[in-house]
Amino acid sequence: MKSLILFFILLTLWLLMSGYYNILLISLGIISCAFCVFVAKRGKIIDDEGLPIFFMPRLLNYLIWLFKEILMSNLATAKVIINGNVEPETFTVKASQVTDVAKVTYANSITLTPGTVTTKMQKNIFEVHALNSDFGNDVRTNEMDKKVTWLEGKK
Amino acid sequence: MELILDIFTGICFFIGSLSIIIGACGLIKLPDVFSRIHAAGMIDTAGTAFFILGMIFQTGWSLITVKLILIGVFIFFTSPVTSHVTANLARQKNILPVGKKIGKIL
């Protein structure tokens with residue numbers, strides 16, 4: 001089931017990237033996608049971590065929220081760089097996700113919003129570096145943590 | 001119609017270049033490695049996003065649009081990883097960030 005989904009994702013990518021729709025190239029595409037799926041299956045990397053399809057139903061909602069956050073914090077970072085009121089701070093937060101891929105999503109979301117960077121992680125404790133106490137408070141309110149836990153949908 | 005799209009492209013390119021310039025200033029101005037990563041993060045989120053948006057206004061609906069969106073998606077997934085690797089390597093070399101530290105640090 002999962003290998004079938006992977007096959008169709010790869011085939012869509014091939015069709016969109018190639019732009020030539022004759023029989024030879026499409027059949028070559030099908031053969032190479034099937035070979036990739038075969039290699040991935042043999043290497044046992046088609047699991048929840050390699051292909052997180054349990055994110056899919058709520059992903060769009062989360063991405064819209066994340067883009068809004070990224071835009072807001074870009075504005076804030078630009079203001080901090082121009083004004084120069086830099087007071088860096090380092091602290092730790094707890095991640096409440098269960099699966100590894102959701103923890104990675106949370107850490108990457110923290111890093112993607114400018115002004116906060118995940119510098120180190122140990123099990124479910126992240127060390128976060130923030131440019132300013134405002135950015136730090138944004139992470140410490142755990143709003144993003146709750147959003148990612150909701151995106152994961154395991155609780 | 002062409003004119004409106006051109007104006008949108010111009011606005012997007014302007015905002016993109018502005019954020020790249022501010023990010024570059026931040027790379028020079030901010031105090032240490034960890035703070036500079038924030039400026040770099042600004043370049044590769046806002047800068048690339050607005051440039052790609054501006055180019056999408058020019059291409060209209062075609063396969064090139066899909067390729068531009070895919071470039072955006074790949075940058076979106078890889079840039080936090082590179083930021084994290086830079087920060088993590090600096091921490092492994094025992095470089096401590098300047099500024100205050102709240103609570104116990106890993």
# chains A, B, ... in the order shown; residues from 1 in each chain; ligands from 1
$ interface_residues --of "chain B" --to "chain A" --cutoff "7 Å" --atoms "only C-alpha atoms" --output "list in words"
Ile22, Gly26, Ser35, His38, Gly41, Met42, Ala46, Leu63, Lys67, Pro80, His84, Ala87, Asn88, Val98, Gly99, Lys100, Lys101, Ile102, Gly103, Ile105 and Leu106 of chain B
$ residues_around --residues "range 21-36 of chain A" --least-positions-apart "3" --cutoff "12 Å" --atoms "only C-alpha atoms" --output "MDAnalysis selection string"
chainID A and resid 3:18 39:43 45:46
$ write_last_selection --atoms "C-alpha atoms" --output "JSON list (two decimals), in the first residue's frame"
[["chain", "number", "residue", "atom", "x", "y", "z"],
["A", 3, "SER", "CA", 4.93, 1.42, -1.89],
["A", 4, "LEU", "CA", 2.02, 2.09, -4.25],
["A", 5, "ILE", "CA", 1.60, 5.62, -2.85],
["A", 6, "LEU", "CA", 5.37, 6.21, -3.17],
["A", 7, "PHE", "CA", 5.24, 4.94, -6.76],
["A", 8, "PHE", "CA", 2.49, 7.37, -7.71],
["A", 9, "ILE", "CA", 4.24, 10.31, -6.01],
["A", 10, "LEU", "CA", 7.45, 9.53, -7.91],
["A", 11, "LEU", "CA", 5.56, 9.10, -11.20],
["A", 12, "THR", "CA", 3.77, 12.45, -10.77],
["A", 13, "LEU", "CA", 7.12, 14.09, -10.09],
["A", 14, "TRP", "CA", 8.58, 12.48, -13.24],
["A", 15, "LEU", "CA", 5.67, 13.62, -15.41],
["A", 16, "LEU", "CA", 5.80, 17.18, -14.07],
["A", 17, "MET", "CA", 9.56, 17.49, -14.39],
["A", 18, "SER", "CA", 10.01, 15.92, -17.83],
["A", 39, "VAL", "CA", 15.28, -0.39, -3.95],
["A", 40, "ALA", "CA", 13.45, 1.50, -1.18],
["A", 41, "LYS", "CA", 11.45, -1.58, -0.27],
["A", 42, "ARG", "CA", 14.56, -3.76, -0.24],
["A", 43, "GLY", "CA", 16.29, -1.21, 2.01],
["A", 45, "ILE", "CA", 12.90, 2.57, 4.32],
["A", 46, "ILE", "CA", 9.22, 2.76, 3.39]]
$ closest_residue --among "A:Arg140, A:Met1, A:Asp145, A:Ala76" --to "Ser19 in chain B" --atoms "only C-alpha atoms"
A:Ala76
$ residues_around --residues "range 59-61 of chain A" --least-positions-apart "2" --cutoff "12 Å" --atoms "only C-alpha atoms" --output "list in words"
Pro52, Ile53, Phe54, Phe55, Met56, Pro57, Leu63, Ile64, Trp65, Leu66, Phe67, Lys68, Ala102, Thr105, Lys147, Val148, Thr149, Trp150, Leu151, Glu152 and Gly153 of chain A
$ write_last_selection --atoms "C-alpha atoms" --output "PDB file, in the first residue's frame"
ATOM      1  CA  PRO A  52       4.759  10.325   6.671  1.00  0.00           C
ATOM      2  CA  ILE A  53       1.315  10.082   5.069  1.00  0.00           C
ATOM      3  CA  PHE A  54      -0.403  10.459   8.449  1.00  0.00           C
ATOM      4  CA  PHE A  55       0.443  14.186   8.190  1.00  0.00           C
ATOM      5  CA  MET A  56      -1.490  14.612   4.968  1.00  0.00           C
ATOM      6  CA  PRO A  57      -5.065  15.414   6.105  1.00  0.00           C
ATOM      7  CA  LEU A  63       1.388  25.081   6.355  1.00  0.00           C
ATOM      8  CA  ILE A  64      -0.850  28.150   6.039  1.00  0.00           C
ATOM      9  CA  TRP A  65      -0.362  28.875   9.749  1.00  0.00           C
ATOM     10  CA  LEU A  66       3.403  28.303   9.411  1.00  0.00           C
ATOM     11  CA  PHE A  67       3.692  30.683   6.428  1.00  0.00           C
ATOM     12  CA  LYS A  68       1.883  33.360   8.410  1.00  0.00           C
ATOM     13  CA  ALA A 102       6.974  14.916  14.236  1.00  0.00           C
ATOM     14  CA  THR A 105       8.984  18.763  12.034  1.00  0.00           C
ATOM     15  CA  LYS A 147       0.084  22.748  16.534  1.00  0.00           C
ATOM     16  CA  VAL A 148       2.641  20.079  15.623  1.00  0.00           C
ATOM     17  CA  THR A 149       1.139  17.616  18.113  1.00  0.00           C
ATOM     18  CA  TRP A 150      -2.216  18.266  16.476  1.00  0.00           C
ATOM     19  CA  LEU A 151      -0.622  17.764  13.039  1.00  0.00           C
ATOM     20  CA  GLU A 152       0.789  14.442  14.195  1.00  0.00           C
ATOM     21  CA  GLY A 153      -2.651  13.335  15.332  1.00  0.00           C
TER      22      GLY A 153
END
$ closest_residue --among "B:Leu53, B:Ile37, B:Ile95, B:Met1" --to "Phe13 in chain B" --atoms "only C-alpha atoms"
B:Leu53
$ closest_residue --among "A:Lys44, A:Ala95, A:Asn83, A:Tyr20" --to "Met144 in chain A" --atoms "only C-alpha atoms"
A:Ala95
$ residues_around --residues "Ile52 in chain B" --least-positions-apart "5" --cutoff "9 Å" --atoms "only C-alpha atoms" --output "number ranges by chain"
B: 12-13, 47, 57, 68-69, 71-72
$ closest_residue --among "A:Gly50, A:Arg58, A:Asn124, A:Lys2" --to "Gln97 in chain A" --atoms "only C-alpha atoms"
A:Asn124
$ residues_around --residues "Leu96 in chain B" --least-positions-apart "4" --cutoff "10 Å" --atoms "only C-alpha atoms" --output "JSON, numbers by chain"
{"A": [90], "B": [32, 33, 34, 90, 91, 92, 101]}
$ atom_distance --atom1 "CA of Asp6 in chain B" --atom2 "CA of Ile20 in chain B"
20.8 Å
